[in-house]
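Engineer: entry-v1.txt is reproduced below (compact mmCIF, C-alpha atoms).
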# COMPACT_ATOMS: atom_id res chain seq x y z
CA MET A 22 88.28 96.89 26.38
CA ASP A 23 92.06 96.73 26.19
CA PHE A 24 92.95 93.49 24.46
CA PRO A 25 96.13 91.57 25.21
CA ARG A 26 97.89 90.77 21.95
CA LEU A 27 97.63 87.02 22.57
CA TYR A 28 94.31 85.20 23.07
CA PRO A 29 94.90 81.46 23.57
CA ILE A 30 91.90 79.17 23.15
CA ILE A 31 91.68 76.11 25.36
CA ASP A 32 89.83 73.66 23.12
CA THR A 33 88.82 70.52 25.01
CA ALA A 34 88.45 68.45 21.84
CA LEU A 35 92.01 69.28 20.82
CA CYS A 36 93.19 68.62 24.36
CA ASP A 37 91.57 65.19 24.26
CA ASP A 38 93.21 64.44 20.91
CA ARG A 39 96.63 65.50 22.21
CA ARG A 40 96.12 63.92 25.64
CA ILE A 41 96.52 67.23 27.43
CA GLU A 42 94.52 68.19 30.50
CA PRO A 43 92.70 71.49 29.79
CA VAL A 44 93.40 72.99 33.21
CA ALA A 45 97.10 72.12 32.87
CA LEU A 46 97.14 73.85 29.48
CA ALA A 47 95.43 76.92 30.91
CA ASP A 48 97.92 76.97 33.80
CA ALA A 49 100.81 76.83 31.35
CA CYS A 50 99.40 79.66 29.22
CA LEU A 51 98.91 81.81 32.31
CA ALA A 52 102.41 81.02 33.57
CA GLY A 53 103.76 82.08 30.18
CA GLY A 54 102.08 85.46 30.50
CA ALA A 55 98.72 85.09 28.74
CA ARG A 56 96.08 87.25 30.39
CA LEU A 57 93.03 86.42 28.29
CA LEU A 58 91.87 82.87 27.60
CA GLN A 59 88.88 81.34 25.88
CA LEU A 60 87.45 78.00 26.96
CA ARG A 61 85.87 76.06 24.12
CA ALA A 62 84.26 72.74 25.07
CA ARG A 63 82.96 69.96 22.88
CA LYS A 64 79.38 70.46 21.72
CA ASP A 65 78.35 67.35 23.66
CA GLU A 66 80.12 68.37 26.89
CA PRO A 67 77.72 67.90 29.82
CA SER A 68 76.74 71.26 31.25
CA ALA A 69 77.78 70.42 34.81
CA ALA A 70 81.23 69.28 33.68
CA PHE A 71 81.61 72.41 31.55
CA VAL A 72 80.77 74.66 34.51
CA GLN A 73 83.20 72.81 36.77
CA LEU A 74 85.98 73.07 34.20
CA ALA A 75 85.31 76.77 33.72
CA GLU A 76 85.41 77.34 37.46
CA ARG A 77 88.78 75.59 37.77
CA ILE A 78 90.31 77.62 34.96
CA LEU A 79 88.80 80.82 36.33
CA ALA A 80 90.32 80.11 39.74
CA ALA A 81 93.75 79.87 38.12
CA ALA A 82 93.14 83.00 36.06
CA ARG A 83 92.06 85.05 39.07
CA ARG A 84 95.40 84.41 40.76
CA VAL A 85 97.18 86.38 38.02
CA ASP A 86 94.41 88.88 37.22
CA ALA A 87 93.61 87.24 33.88
CA ARG A 88 90.23 86.97 32.18
CA VAL A 89 88.40 83.93 30.82
CA ILE A 90 85.82 83.95 28.04
CA VAL A 91 83.47 80.98 27.56
CA ASN A 92 82.69 79.90 24.02
CA ASP A 93 79.03 79.60 22.99
CA ARG A 94 77.45 78.97 26.39
CA ALA A 95 76.13 82.10 28.07
CA ASP A 96 74.55 79.98 30.78
CA VAL A 97 77.88 78.37 31.65
CA ALA A 98 79.59 81.75 31.66
CA ARG A 99 77.06 83.15 34.09
CA LEU A 100 77.07 80.13 36.40
CA ALA A 101 80.86 80.03 36.52
CA ALA A 102 81.16 83.82 36.87
CA ALA A 103 83.32 84.05 33.76
CA ASP A 104 84.37 87.35 32.24
CA GLY A 105 82.45 86.96 29.03
CA VAL A 106 81.06 84.87 26.19
CA HIS A 107 82.07 84.35 22.58
CA VAL A 108 79.42 83.38 20.01
CA GLY A 109 79.39 82.38 16.38
CA GLN A 110 77.04 83.31 13.59
CA THR A 111 74.70 80.39 14.34
CA ASP A 112 74.76 80.72 18.13
CA LEU A 113 72.69 83.02 20.32
CA SER A 114 72.67 86.61 19.14
CA VAL A 115 74.73 89.18 21.00
CA SER A 116 71.55 90.78 22.34
CA ALA A 117 70.30 87.41 23.62
CA VAL A 118 73.64 86.79 25.33
CA ARG A 119 73.47 90.22 26.92
CA ALA A 120 70.01 89.35 28.29
CA ILE A 121 71.58 86.38 30.07
CA VAL A 122 74.92 87.77 31.26
CA GLY A 123 74.16 91.47 31.55
CA PRO A 124 75.69 94.59 30.04
CA GLU A 125 79.06 94.50 31.78
CA LEU A 126 80.53 91.24 30.55
CA VAL A 127 82.64 90.89 27.43
CA VAL A 128 80.76 89.52 24.42
CA GLY A 129 82.59 88.62 21.24
CA ILE A 130 81.22 87.43 17.91
CA SER A 131 82.82 85.58 15.01
CA THR A 132 82.65 87.14 11.55
CA HIS A 133 83.69 85.72 8.21
CA ASP A 134 82.87 88.33 5.57
CA ARG A 135 82.36 92.07 5.15
CA GLU A 136 78.60 91.95 5.67
CA GLN A 137 78.97 90.11 8.98
CA ILE A 138 81.70 92.53 10.07
CA ASP A 139 79.54 95.56 9.29
CA GLU A 140 76.62 94.08 11.23
CA ALA A 141 78.81 93.20 14.21
CA LEU A 142 80.41 96.63 14.31
CA ALA A 143 76.97 98.23 14.40
CA GLY A 144 75.83 95.99 17.24
CA ASP A 145 76.55 95.56 20.92
CA ALA A 146 79.49 93.15 20.77
CA THR A 147 82.58 94.11 22.76
CA TYR A 148 84.91 92.76 20.09
CA ILE A 149 84.73 90.95 16.77
CA ALA A 150 86.71 87.93 15.66
CA VAL A 151 87.67 87.74 11.99
CA GLY A 152 88.61 84.56 10.20
CA PRO A 153 89.64 82.03 9.34
CA VAL A 154 92.60 84.16 8.29
CA PHE A 155 94.68 81.16 7.17
CA PRO A 156 93.87 77.49 6.55
CA THR A 157 93.08 75.67 9.79
CA ALA A 158 92.20 72.13 10.77
CA THR A 159 91.14 73.01 14.32
CA LYS A 160 87.56 73.96 13.51
CA ASP A 161 85.46 73.60 10.36
CA THR A 162 83.90 77.03 9.98
CA GLY A 163 82.49 76.35 6.54
CA TYR A 164 84.46 79.31 5.18
CA THR A 165 87.59 79.40 3.07
CA PRO A 166 90.64 81.27 4.39
CA ARG A 167 90.01 85.02 4.28
CA GLY A 168 93.56 86.36 4.38
CA LEU A 169 94.75 89.61 5.88
CA ASP A 170 92.55 91.83 3.70
CA LEU A 171 89.50 91.02 5.83
CA VAL A 172 91.46 91.87 8.97
CA ARG A 173 92.37 95.22 7.42
CA TYR A 174 88.72 95.82 6.51
CA ALA A 175 87.58 95.28 10.10
CA ALA A 176 90.42 97.11 11.83
CA HIS A 177 90.33 100.62 13.30
CA ARG A 178 86.55 100.91 13.16
CA GLY A 179 85.73 101.24 16.83
CA LYS A 180 85.93 97.68 18.19
CA PRO A 181 88.89 95.41 18.93
CA VAL A 182 89.53 92.87 16.19
CA VAL A 183 90.68 89.37 17.08
CA ALA A 184 92.17 87.46 14.15
CA ILE A 185 91.70 83.70 14.22
CA GLY A 186 92.43 80.70 12.05
CA GLY A 187 95.78 79.14 11.26
CA ILE A 188 97.77 81.76 13.14
CA THR A 189 101.27 80.59 13.98
CA LEU A 190 104.24 82.14 15.72
CA ASP A 191 105.72 83.08 12.36
CA ARG A 192 102.50 84.69 11.13
CA ALA A 193 101.41 86.50 14.30
CA ALA A 194 103.33 89.75 13.88
CA ALA A 195 102.07 90.25 10.32
CA VAL A 196 98.49 89.74 11.49
CA VAL A 197 98.86 92.44 14.14
CA ALA A 198 100.55 94.71 11.59
CA ALA A 199 97.44 94.29 9.41
CA GLY A 200 95.38 95.85 12.20
CA ALA A 201 94.37 93.02 14.53
CA SER A 202 94.19 93.95 18.18
CA ALA A 203 94.93 90.35 19.14
CA VAL A 204 95.63 86.94 17.66
CA ALA A 205 93.63 83.92 18.81
CA VAL A 206 95.80 80.81 18.82
CA ILE A 207 94.74 77.22 19.37
CA ALA A 208 96.96 74.50 17.90
CA ASP A 209 100.18 76.48 17.62
CA ILE A 210 100.32 76.95 21.40
CA LEU A 211 101.05 73.22 21.55
CA VAL A 212 104.02 73.26 19.17
CA GLY A 213 107.08 71.96 20.95
CA ARG A 214 104.99 70.41 23.74
CA ASP A 215 105.84 73.34 26.02
CA PRO A 216 102.88 75.74 25.94
CA GLU A 217 104.36 78.02 28.60
CA ALA A 218 107.47 78.58 26.48
CA ARG A 219 105.36 78.92 23.34
CA VAL A 220 103.23 81.63 24.95
CA ARG A 221 106.39 83.48 25.99
CA ALA A 222 107.66 83.23 22.43
CA PHE A 223 104.39 84.64 21.05
CA LEU A 224 104.42 87.53 23.49
CA ALA A 225 108.04 88.34 22.67
CA ARG A 226 107.27 88.25 18.94
CA LEU A 227 104.20 90.44 19.34
CA ARG A 228 106.11 93.02 21.36
CA ALA A 229 108.86 93.26 18.77
If you convert what's in this file into structure tokens, what do you get?

Structural biologist:
Amino acid sequence: MDFPRLYPIIDTALCDDRRIEPVALADACLAGGARLLQLRARKDEPSAAFVQLAERILAAARRVDARVIVNDRADVARLAAADGVHVGQTDLSVSAVRAIVGPELVVGISTHDREQIDEALAGDATYIAVGPVFPTATKDTGYTPRGLDLVRYAAHRGKPVVAIGGITLDRAAAVVAAGASAVAVIADILVGRDPEARVRAFLARLRA
């Protein structure tokens, strides 16, 4: 798949902490020009509420021909008719996700070291996420920051590489220069309390 350079993640836990409505954040990202979003809900989010939230964000995304990936929950992605699923190393396997959502949807998988990258590249994932690239407080992955060397290791090997973890506006261009197809951004989208403007700034920086 062709990956947009910017991949904002709408994290409901972070939204709750910052008192931001997730759909409003998604709307702002889309208005700023983002065309690929990930929806990441709290682990204890009720399934019905998760599906409803996904449907609302998908409705907004469809108006601008953008795609939405659901984190972890293949069942939610299928029920909401999302564009794909992203899983971690301890979630359902890519093959199990494919059994639920079918062969056409996007399936991404997180990787944190060379062995995981090699396994993911040999499998049926659409793309691989590599990280955490830099220190991050958004999600405890259990892994120390990997730096750009791991991005370089994964890049140009047949699948899009999404770099994630501590990526800021100032760091984004260097991450893409290291070989990332896209940068996943969570907290830095909220800098300045104007996510639409922040998305525009990211896109301008990544086009430079």

Engineer: Rounded to one decimal place, report the CA of Val197 in chain A-CA of Thr33 in chain A distance in Å.

Structural biologist: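 Separation of CA of Val197 in chain A and CA of Thr33 in chain A: 26.4 Å.
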
Engineer: Find the residues around Leu74 in chain A up to 12 Å (all atoms listed in the file counted), leave out those fewer than 5 positions away in its own chain, and share them as an MDAnalysis selection string.

Structural biologist: chainID A and resid 31:33 42:45 47 60:62 66:69 79:81 89 91 97:98 100:101 103

Engineer: With only C-alpha atoms as the basis for distance, which of A:Asp48, A:Asp170, A:Asp93, A:Asp139 is at the shortest distance from Asp215 in chain A?

Structural biologist: A:Asp48

Engineer: Using only C-alpha atoms, find the one residue out of A:Ile130, A:Ala208, A:Ala49, A:Ala203 that sits nearest to Thr157 in chain A.

Structural biologist: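 Among A:Ile130, A:Ala208, A:Ala49, A:Ala203, it is A:Ala208 that comes nearest to Thr157 in chain A.
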
Engineer: Scan for residues within 6 Å of the point (73.1, 82.0, 27.2) in the coordinates of the file, using only C-alpha atoms, and reply as a PDB file with C-alpha atoms, in the frame of the given file.

Structural biologist:
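Saved the output as selection08.pdb:
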ATOM      1  CA  ARG A  94      77.450  78.970  26.390  1.00  0.00           C
ATOM      2  CA  ALA A  95      76.130  82.100  28.070  1.00  0.00           C
ATOM      3  CA  ASP A  96      74.550  79.980  30.780  1.00  0.00           C
ATOM      4  CA  VAL A 118      73.640  86.790  25.330  1.00  0.00           C
ATOM      5  CA  ILE A 121      71.580  86.380  30.070  1.00  0.00           C
TER       6      ILE A 121
END

Engineer: In Å, how far is it from CA of Arg228 in chain A to CA of Arg214 in chain A?

Structural biologist: 22.8 Å

Engineer: Out of A:Arg88, A:Ala102, A:Val182, A:Ile78, which residue has the shortest atom-to-atom distance to Gly129 in chain A when counting all atoms listed in the file?

Structural biologist: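 Using all atoms listed in the file, the shortest distance to Gly129 in chain A belongs to A:Val182.
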
Engineer: Tell me, in Å to one decimal, how far CA of Ala120 in chain A is from CA of Ala146 in chain A.

Structural biologist: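 Here the two named atoms are 12.7 Å from each other.
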
Engineer: For the point (74.1, 87.7, 21.8) in the file's frame, write as number ranges by chain all residues with an atom no more than 12 Å away, counting only C-alpha atoms.

Structural biologist: A: 92-96, 105-124, 126-131, 141, 144-147

Engineer: Here is a test: counting only C-alpha atoms, which residue of A:Ala158, A:Gly163, A:Lys64, A:Ala82 is nearest to Leu46 in chain A?

Structural biologist: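 Looking at the shortest contact to Leu46 in chain A, the residue is A:Ala82.
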
Engineer: Tell me, as a ChimeraX atom specification, which residues lie within 12 Å of Ala55 in chain A, counting only C-alpha atoms; anything in the same chain fewer than 4 positions away does not count.

Structural biologist: /A:24-31,46-51,59,81-82,85-89,203-206,210,216-225

Engineer: Taking all atoms listed in the file into account, name the residue in A:Leu58, A:Leu142, A:Arg77, A:Ala193 that is nearest to Gly179 in chain A.

Structural biologist: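 The answer is A:Leu142, which sits nearest to Gly179 in chain A.
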
Engineer: Hey, which bits of range 118-142 of chain A sit within 12 Å of range 153-156 of chain A, and for each residue what's the closest pair of atoms and how far apart in Å (one decimal), counting all atoms listed in the file, rows by chain and increasing number, as a tab-separated table?

Structural biologist:
residue	atom	partner	partner_atom	distance
A:Ser131	CA	A:Pro153	CA	9.6
A:Thr132	CA	A:Pro153	CA	8.9
A:His133	CA	A:Pro153	CA	7.1
A:Asp134	CA	A:Pro153	CA	10.0

Engineer: In terms of the shortest atom-to-atom distance over all atoms listed in the file, which of A:Ala184, A:Ala176, A:Ala34, A:Val212 is closest to Gly200 in chain A?

Structural biologist: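 Comparing A:Ala184, A:Ala176, A:Ala34, A:Val212 against Gly200 in chain A, the winner is A:Ala176.
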
Engineer: Produce the centre coordinates and the three edge lengths, each in Å to one decimal, of the box along x, y and z that contains all listed atoms of range 191-199 of chain A with 4 Å added on each side, as AutoDock Vina command-line options.

Structural biologist:
--center_x 101.6 --center_y 88.9 --center_z 11.9 --size_x 16.3 --size_y 19.6 --size_z 12.9

Engineer: Could you write range 195-206 of chain A as a PDB file, keeping the file's coordinate frame, with all heavy atoms rebuilt where they are missing?

Structural biologist:
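Result file follows (part31.pdb):
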ATOM      1  N   ALA A 195     102.667  89.697  11.537  1.00  0.00           N
ATOM      2  CA  ALA A 195     102.070  90.250  10.320  1.00  0.00           C
ATOM      3  C   ALA A 195     100.583  90.465  10.483  1.00  0.00           C
ATOM      4  O   ALA A 195     100.018  91.428   9.934  1.00  0.00           O
ATOM      5  CB  ALA A 195     102.345  89.316   9.141  1.00  0.00           C
ATOM      6  N   VAL A 196      99.928  89.601  11.251  1.00  0.00           N
ATOM      7  CA  VAL A 196      98.490  89.740  11.490  1.00  0.00           C
ATOM      8  C   VAL A 196      98.213  90.999  12.306  1.00  0.00           C
ATOM      9  O   VAL A 196      97.297  91.769  12.012  1.00  0.00           O
ATOM     10  CB  VAL A 196      97.934  88.483  12.172  1.00  0.00           C
ATOM     11  CG1 VAL A 196      96.461  88.666  12.502  1.00  0.00           C
ATOM     12  CG2 VAL A 196      98.125  87.256  11.287  1.00  0.00           C
ATOM     13  N   VAL A 197      99.018  91.226  13.335  1.00  0.00           N
ATOM     14  CA  VAL A 197      98.860  92.440  14.140  1.00  0.00           C
ATOM     15  C   VAL A 197      99.188  93.673  13.300  1.00  0.00           C
ATOM     16  O   VAL A 197      98.511  94.704  13.392  1.00  0.00           O
ATOM     17  CB  VAL A 197      99.730  92.360  15.406  1.00  0.00           C
ATOM     18  CG1 VAL A 197      99.776  93.700  16.122  1.00  0.00           C
ATOM     19  CG2 VAL A 197      99.178  91.286  16.338  1.00  0.00           C
ATOM     20  N   ALA A 198     100.194  93.575  12.459  1.00  0.00           N
ATOM     21  CA  ALA A 198     100.550  94.710  11.590  1.00  0.00           C
ATOM     22  C   ALA A 198      99.418  95.048  10.630  1.00  0.00           C
ATOM     23  O   ALA A 198      99.264  96.205  10.222  1.00  0.00           O
ATOM     24  CB  ALA A 198     101.820  94.386  10.812  1.00  0.00           C
ATOM     25  N   ALA A 199      98.591  94.053  10.290  1.00  0.00           N
ATOM     26  CA  ALA A 199      97.440  94.290   9.410  1.00  0.00           C
ATOM     27  C   ALA A 199      96.289  94.975  10.131  1.00  0.00           C
ATOM     28  O   ALA A 199      95.306  95.361   9.497  1.00  0.00           O
ATOM     29  CB  ALA A 199      96.964  92.975   8.808  1.00  0.00           C
ATOM     30  N   GLY A 200      96.399  95.114  11.464  1.00  0.00           N
ATOM     31  CA  GLY A 200      95.380  95.850  12.200  1.00  0.00           C
ATOM     32  C   GLY A 200      94.686  95.078  13.300  1.00  0.00           C
ATOM     33  O   GLY A 200      93.843  95.643  14.003  1.00  0.00           O
ATOM     34  N   ALA A 201      95.016  93.803  13.466  1.00  0.00           N
ATOM     35  CA  ALA A 201      94.370  93.020  14.530  1.00  0.00           C
ATOM     36  C   ALA A 201      94.815  93.530  15.896  1.00  0.00           C
ATOM     37  O   ALA A 201      95.984  93.834  16.115  1.00  0.00           O
ATOM     38  CB  ALA A 201      94.713  91.549  14.378  1.00  0.00           C
ATOM     39  N   SER A 202      93.870  93.608  16.799  1.00  0.00           N
ATOM     40  CA  SER A 202      94.190  93.950  18.180  1.00  0.00           C
ATOM     41  C   SER A 202      94.840  92.775  18.898  1.00  0.00           C
ATOM     42  O   SER A 202      95.647  92.960  19.814  1.00  0.00           O
ATOM     43  CB  SER A 202      92.921  94.346  18.936  1.00  0.00           C
ATOM     44  OG  SER A 202      92.215  95.363  18.260  1.00  0.00           O
ATOM     45  N   ALA A 203      94.446  91.562  18.499  1.00  0.00           N
ATOM     46  CA  ALA A 203      94.930  90.350  19.140  1.00  0.00           C
ATOM     47  C   ALA A 203      94.895  89.202  18.147  1.00  0.00           C
ATOM     48  O   ALA A 203      94.173  89.251  17.146  1.00  0.00           O
ATOM     49  CB  ALA A 203      94.066  90.006  20.356  1.00  0.00           C
ATOM     50  N   VAL A 204      95.681  88.169  18.449  1.00  0.00           N
ATOM     51  CA  VAL A 204      95.630  86.940  17.660  1.00  0.00           C
ATOM     52  C   VAL A 204      95.134  85.823  18.570  1.00  0.00           C
ATOM     53  O   VAL A 204      95.617  85.646  19.691  1.00  0.00           O
ATOM     54  CB  VAL A 204      96.998  86.572  17.052  1.00  0.00           C
ATOM     55  CG1 VAL A 204      97.376  87.593  15.998  1.00  0.00           C
ATOM     56  CG2 VAL A 204      98.085  86.463  18.119  1.00  0.00           C
ATOM     57  N   ALA A 205      94.124  85.099  18.097  1.00  0.00           N
ATOM     58  CA  ALA A 205      93.630  83.920  18.810  1.00  0.00           C
ATOM     59  C   ALA A 205      94.396  82.708  18.289  1.00  0.00           C
ATOM     60  O   ALA A 205      94.505  82.507  17.076  1.00  0.00           O
ATOM     61  CB  ALA A 205      92.133  83.744  18.573  1.00  0.00           C
ATOM     62  N   VAL A 206      94.950  81.937  19.204  1.00  0.00           N
ATOM     63  CA  VAL A 206      95.800  80.810  18.820  1.00  0.00           C
ATOM     64  C   VAL A 206      95.315  79.563  19.541  1.00  0.00           C
ATOM     65  O   VAL A 206      95.040  79.599  20.744  1.00  0.00           O
ATOM     66  CB  VAL A 206      97.279  81.092  19.167  1.00  0.00           C
ATOM     67  CG1 VAL A 206      98.156  79.951  18.693  1.00  0.00           C
ATOM     68  CG2 VAL A 206      97.733  82.405  18.542  1.00  0.00           C
TER      69      VAL A 206
END
